[in-house]
$ cat input20.csv   # CSV, N, CA and C atoms
chain,number,residue,atom,x,y,z
O,1168,MET,N,92.4,77.9,63.2
O,1168,MET,CA,93.3,79.0,62.7
O,1168,MET,C,92.7,79.7,61.5
O,1169,LYS,N,92.6,81.0,61.6
O,1169,LYS,CA,92.0,81.8,60.5
O,1169,LYS,C,93.1,82.0,59.4
O,1170,GLN,N,92.6,81.9,58.2
O,1170,GLN,CA,93.5,82.1,57.0
O,1170,GLN,C,93.5,83.6,56.8
O,1171,ARG,N,94.7,84.0,56.4
O,1171,ARG,CA,94.9,85.5,56.0
O,1171,ARG,C,95.5,85.6,54.6
O,1172,THR,N,95.2,86.7,54.0
O,1172,THR,CA,95.8,87.0,52.7
O,1172,THR,C,97.2,87.5,52.9
O,1173,ARG,N,98.0,87.7,51.9
O,1173,ARG,CA,99.3,88.2,52.1
O,1173,ARG,C,99.4,89.6,52.6
O,1174,TYR,N,98.2,90.3,52.6
O,1174,TYR,CA,98.2,91.6,53.1
O,1174,TYR,C,97.7,91.6,54.6
O,1175,GLY,N,97.5,90.4,55.2
O,1175,GLY,CA,97.1,90.3,56.6
O,1175,GLY,C,95.6,90.4,56.8
O,1176,TYR,N,94.8,90.6,55.8
O,1176,TYR,CA,93.3,90.5,56.0
O,1176,TYR,C,92.9,89.1,56.2
O,1177,GLU,N,91.8,88.9,57.0
O,1177,GLU,CA,91.2,87.6,57.1
O,1177,GLU,C,90.4,87.3,55.9
O,1178,ARG,N,90.5,86.1,55.4
O,1178,ARG,CA,89.7,85.7,54.2
O,1178,ARG,C,88.2,85.7,54.6
O,1179,SER,N,87.4,86.1,53.6
O,1179,SER,CA,86.0,86.1,53.8
O,1179,SER,C,85.4,84.7,53.6
O,1180,GLY,N,86.1,83.9,52.8
O,1180,GLY,CA,85.6,82.6,52.5
O,1180,GLY,C,84.6,82.5,51.4
O,1181,SER,N,84.0,83.6,51.0
O,1181,SER,CA,83.0,83.4,50.0
O,1181,SER,C,83.1,84.4,48.9
O,1182,LEU,N,83.5,85.7,49.1
O,1182,LEU,CA,83.5,86.7,48.1
O,1182,LEU,C,84.8,86.5,47.3
O,1183,LYS,N,84.6,86.4,46.0
O,1183,LYS,CA,85.8,86.3,45.1
O,1183,LYS,C,85.7,87.3,44.0
O,1184,LEU,N,86.8,87.9,43.6
O,1184,LEU,CA,86.9,88.9,42.6
O,1184,LEU,C,87.5,88.3,41.3
O,1185,ILE,N,86.9,88.4,40.2
O,1185,ILE,CA,87.4,87.8,39.0
O,1185,ILE,C,87.6,88.9,37.9
O,1186,VAL,N,88.7,88.9,37.3
O,1186,VAL,CA,89.1,89.9,36.3
O,1186,VAL,C,89.1,89.2,34.9
O,1187,ASP,N,88.3,89.8,34.0
O,1187,ASP,CA,88.3,89.3,32.6
O,1187,ASP,C,89.5,90.1,31.9
O,1188,LYS,N,90.6,89.4,31.9
O,1188,LYS,CA,91.8,90.0,31.4
O,1188,LYS,C,91.7,90.4,29.9
O,1189,GLY,N,90.8,89.8,29.2
O,1189,GLY,CA,90.6,90.1,27.8
O,1189,GLY,C,89.9,91.5,27.6
O,1190,ALA,N,89.1,91.8,28.6
O,1190,ALA,CA,88.3,93.0,28.6
O,1190,ALA,C,89.1,94.2,29.3
O,1191,CYS,N,90.0,93.9,30.1
O,1191,CYS,CA,90.8,94.9,30.8
O,1191,CYS,C,91.6,95.8,29.8
O,1192,GLN,N,91.4,97.1,30.0
O,1192,GLN,CA,92.1,98.0,29.1
O,1192,GLN,C,93.2,98.8,29.8
O,1193,GLY,N,93.4,98.5,31.1
O,1193,GLY,CA,94.5,99.2,31.8
O,1193,GLY,C,94.3,100.6,32.3
O,1194,HIS,N,93.0,100.9,32.5
O,1194,HIS,CA,92.7,102.3,33.0
O,1194,HIS,C,93.2,102.6,34.4
O,1195,GLY,N,93.2,101.5,35.2
O,1195,GLY,CA,93.8,101.7,36.5
O,1195,GLY,C,92.8,102.1,37.6
O,1196,LEU,N,91.6,102.3,37.3
O,1196,LEU,CA,90.6,102.7,38.2
O,1196,LEU,C,90.3,101.7,39.3
O,1197,CYS,N,90.4,100.4,38.9
O,1197,CYS,CA,90.1,99.3,39.9
O,1197,CYS,C,91.2,99.2,40.9
O,1198,TYR,N,92.4,99.2,40.6
O,1198,TYR,CA,93.4,99.1,41.6
O,1198,TYR,C,93.7,100.4,42.3
O,1199,ALA,N,93.2,101.5,41.8
O,1199,ALA,CA,93.3,102.7,42.6
O,1199,ALA,C,92.2,102.7,43.7
O,1200,ALA,N,91.1,102.0,43.3
O,1200,ALA,CA,90.0,101.9,44.3
O,1200,ALA,C,90.2,100.8,45.4
O,1201,ALA,N,91.1,99.8,45.0
O,1201,ALA,CA,91.3,98.7,45.9
O,1201,ALA,C,92.8,98.4,46.0
O,1202,PRO,N,93.6,99.4,46.5
O,1202,PRO,CA,95.0,99.2,46.6
O,1202,PRO,C,95.3,98.0,47.7
O,1203,GLY,N,96.2,97.2,47.4
O,1203,GLY,CA,96.5,96.1,48.3
O,1203,GLY,C,95.7,94.9,47.9
O,1204,LEU,N,94.6,95.0,47.3
O,1204,LEU,CA,93.8,93.9,46.8
O,1204,LEU,C,94.1,93.6,45.3
O,1205,LEU,N,94.3,94.6,44.5
O,1205,LEU,CA,94.6,94.5,43.1
O,1205,LEU,C,96.0,95.1,42.9
O,1206,GLU,N,96.7,94.5,41.9
O,1206,GLU,CA,98.0,95.1,41.5
O,1206,GLU,C,98.0,95.2,40.0
O,1207,ALA,N,98.9,96.0,39.5
O,1207,ALA,CA,99.0,96.1,38.0
O,1207,ALA,C,100.4,95.8,37.6
O,1208,ASP,N,100.5,95.4,36.3
O,1208,ASP,CA,101.8,95.2,35.7
O,1208,ASP,C,102.4,96.6,35.2
O,1209,ASP,N,103.5,96.5,34.6
O,1209,ASP,CA,104.2,97.8,34.1
O,1209,ASP,C,103.4,98.6,33.1
O,1210,GLU,N,102.4,97.9,32.4
O,1210,GLU,CA,101.6,98.6,31.4
O,1210,GLU,C,100.3,99.0,31.9
O,1211,GLY,N,100.0,98.8,33.2
O,1211,GLY,CA,98.7,99.2,33.8
O,1211,GLY,C,97.6,98.2,33.8
O,1212,TYR,N,97.9,97.0,33.3
O,1212,TYR,CA,96.9,95.9,33.3
O,1212,TYR,C,96.9,95.2,34.7
O,1213,VAL,N,95.7,94.8,35.1
O,1213,VAL,CA,95.6,94.1,36.4
O,1213,VAL,C,96.2,92.8,36.4
O,1214,LEU,N,97.0,92.5,37.4
O,1214,LEU,CA,97.6,91.1,37.6
O,1214,LEU,C,96.6,90.3,38.4
O,1215,ALA,N,95.9,89.4,37.7
O,1215,ALA,CA,94.9,88.6,38.4
O,1215,ALA,C,94.6,87.4,37.4
O,1216,ASP,N,95.4,86.4,37.5
O,1216,ASP,CA,95.2,85.2,36.6
O,1216,ASP,C,94.2,84.2,37.2
O,1217,GLU,N,94.0,84.3,38.5
O,1217,GLU,CA,93.0,83.5,39.1
O,1217,GLU,C,92.0,84.3,39.9
O,1218,PRO,N,90.9,83.7,40.3
O,1218,PRO,CA,90.0,84.5,41.2
O,1218,PRO,C,90.7,84.9,42.5
O,1219,ILE,N,90.4,86.1,43.0
O,1219,ILE,CA,91.0,86.6,44.2
O,1219,ILE,C,90.1,86.4,45.3
O,1220,ASP,N,90.5,85.8,46.4
O,1220,ASP,CA,89.7,85.7,47.6
O,1220,ASP,C,89.7,87.1,48.2
O,1221,VAL,N,88.5,87.7,48.4
O,1221,VAL,CA,88.4,89.0,49.0
O,1221,VAL,C,88.3,88.9,50.5
O,1222,PRO,N,89.2,89.5,51.2
O,1222,PRO,CA,89.0,89.5,52.7
O,1222,PRO,C,87.8,90.3,53.1
O,1223,ALA,N,87.2,89.9,54.2
O,1223,ALA,CA,86.0,90.6,54.7
O,1223,ALA,C,86.2,92.1,54.8
O,1224,ALA,N,87.4,92.5,55.3
O,1224,ALA,CA,87.7,93.9,55.5
O,1224,ALA,C,87.8,94.7,54.2
O,1225,ALA,N,88.0,94.0,53.0
O,1225,ALA,CA,88.2,94.6,51.7
O,1225,ALA,C,87.0,94.5,50.8
O,1226,ALA,N,85.9,94.0,51.3
O,1226,ALA,CA,84.7,93.7,50.5
O,1226,ALA,C,84.2,95.0,49.9
O,1227,ARG,N,84.1,96.1,50.7
O,1227,ARG,CA,83.7,97.4,50.1
O,1227,ARG,C,84.6,97.9,49.0
O,1228,ALA,N,85.9,97.8,49.2
O,1228,ALA,CA,86.9,98.2,48.2
O,1228,ALA,C,86.7,97.3,46.9
O,1229,ALA,N,86.4,96.1,47.1
O,1229,ALA,CA,86.2,95.2,45.9
O,1229,ALA,C,85.0,95.6,45.1
O,1230,ARG,N,84.0,96.0,45.8
O,1230,ARG,CA,82.7,96.4,45.1
O,1230,ARG,C,83.0,97.8,44.4
O,1231,THR,N,83.7,98.6,45.1
O,1231,THR,CA,84.1,99.9,44.5
O,1231,THR,C,84.9,99.7,43.2
O,1232,ALA,N,85.9,98.8,43.3
O,1232,ALA,CA,86.7,98.5,42.1
O,1232,ALA,C,85.9,98.0,41.0
O,1233,LYS,N,85.0,97.1,41.3
O,1233,LYS,CA,84.1,96.5,40.2
O,1233,LYS,C,83.3,97.6,39.6
O,1234,ASP,N,82.7,98.5,40.4
O,1234,ASP,CA,81.9,99.6,39.9
O,1234,ASP,C,82.7,100.6,39.1
O,1235,ALA,N,84.0,100.8,39.4
O,1235,ALA,CA,84.9,101.8,38.8
O,1235,ALA,C,85.3,101.4,37.4
O,1236,CYS,N,85.3,100.1,37.1
O,1236,CYS,CA,85.9,99.6,35.8
O,1236,CYS,C,85.0,100.0,34.7
O,1237,PRO,N,85.5,100.8,33.8
O,1237,PRO,CA,84.6,101.3,32.6
O,1237,PRO,C,84.4,100.2,31.6
O,1238,GLU,N,85.2,99.1,31.7
O,1238,GLU,CA,85.1,98.0,30.7
O,1238,GLU,C,84.2,96.9,31.3
O,1239,ALA,N,83.8,97.0,32.5
O,1239,ALA,CA,83.0,95.9,33.2
O,1239,ALA,C,83.8,94.6,33.2
O,1240,ALA,N,85.1,94.7,33.4
O,1240,ALA,CA,86.0,93.5,33.4
O,1240,ALA,C,86.1,92.8,34.7
O,1241,ILE,N,85.4,93.3,35.7
O,1241,ILE,CA,85.5,92.7,37.1
O,1241,ILE,C,84.1,92.2,37.5
O,1242,THR,N,84.1,91.0,37.9
O,1242,THR,CA,82.9,90.4,38.5
O,1242,THR,C,83.2,90.0,39.9
O,1243,LEU,N,82.2,89.9,40.7
O,1243,LEU,CA,82.3,89.4,42.1
O,1243,LEU,C,81.3,88.3,42.2
O,1244,THR,N,81.8,87.2,42.8
O,1244,THR,CA,80.9,86.0,43.1
O,1244,THR,C,80.9,85.8,44.6
O,1245,GLY,N,79.8,85.1,45.0
O,1245,GLY,CA,79.6,84.8,46.4
O,1245,GLY,C,78.9,85.9,47.2
O,1246,GLU,N,78.3,86.9,46.5
O,1246,GLU,CA,77.6,87.9,47.3
O,1246,GLU,C,76.2,87.5,47.7
$ encode --input "input20.csv" --output "structure tokens"
Amino acid sequence: MKQRTRYGYERSGSLKLIVDKGACQGHGLCYAAAPGLLEADDEGYVLADEPIDVPAAAARAARTAKDACPEAAITLTGE
């Protein structure tokens, strides 16, 4: 049985997105680039207390979100 995220994507099993919440300034560019993968709180900061399993179908969006962050607060592991 394949695992799925809450958005219905199959899990990739290897790619993880990590947000440095101390570096996040709430610009919103990351979750605009990867809607459904990243969410924000009421102040615009990313809600990601743990590494996020990136579904295979969302790998490109995760890379775009990482590249869009002006604070370099996002890293991807498992590439």
$ select_by_dssp --input "input20.csv" --residues "chain O" --states "alpha helix (DSSP H)" --output "number ranges by chain"
O: 1196-1200, 1226-1235
$ residues_around --input "input20.csv" --residues "Ala1190 (chain O)" --least-positions-apart "2" --cutoff "8 Å" --atoms "only C-alpha atoms" --output "NGL selection string"
:O and (1187-1188 or 1192 or 1238-1240)
$ closest_residue --input "input20.csv" --among "O:Ala1235, O:Gly1193, O:Asp1209, O:Leu1204" --to "Val1221 (chain O)" --atoms "only N, CA and C atoms"
O:Leu1204
$ closest_residue --input "input20.csv" --among "O:Ala1224, O:Ala1201, O:Ile1219, O:Cys1191" --to "Thr1244 (chain O)" --atoms "only C-alpha atoms"
O:Ile1219
$ closest_residue --input "input20.csv" --among "O:Pro1222, O:Arg1230, O:Thr1242, O:Val1186" --to "Glu1206 (chain O)" --atoms "only C-alpha atoms"
O:Val1186
$ closest_residue --input "input20.csv" --among "O:Ala1232, O:Ile1185, O:Ala1223, O:Ile1241" --to "Tyr1198 (chain O)" --atoms "only N, CA and C atoms"
O:Ala1232
$ atom_distance --input "input20.csv" --atom1 "atom C of Ala1200 (chain O)" --atom2 "atom C of Ala1228 (chain O)"
5.2 Å
$ atom_distance --input "input20.csv" --atom1 "atom N of Asp1234 (chain O)" --atom2 "atom N of Leu1196 (chain O)"
10.2 Å
$ atom_distance --input "input20.csv" --atom1 "CA of Thr1231 (chain O)" --atom2 "CA of Glu1217 (chain O)"
19.4 Å
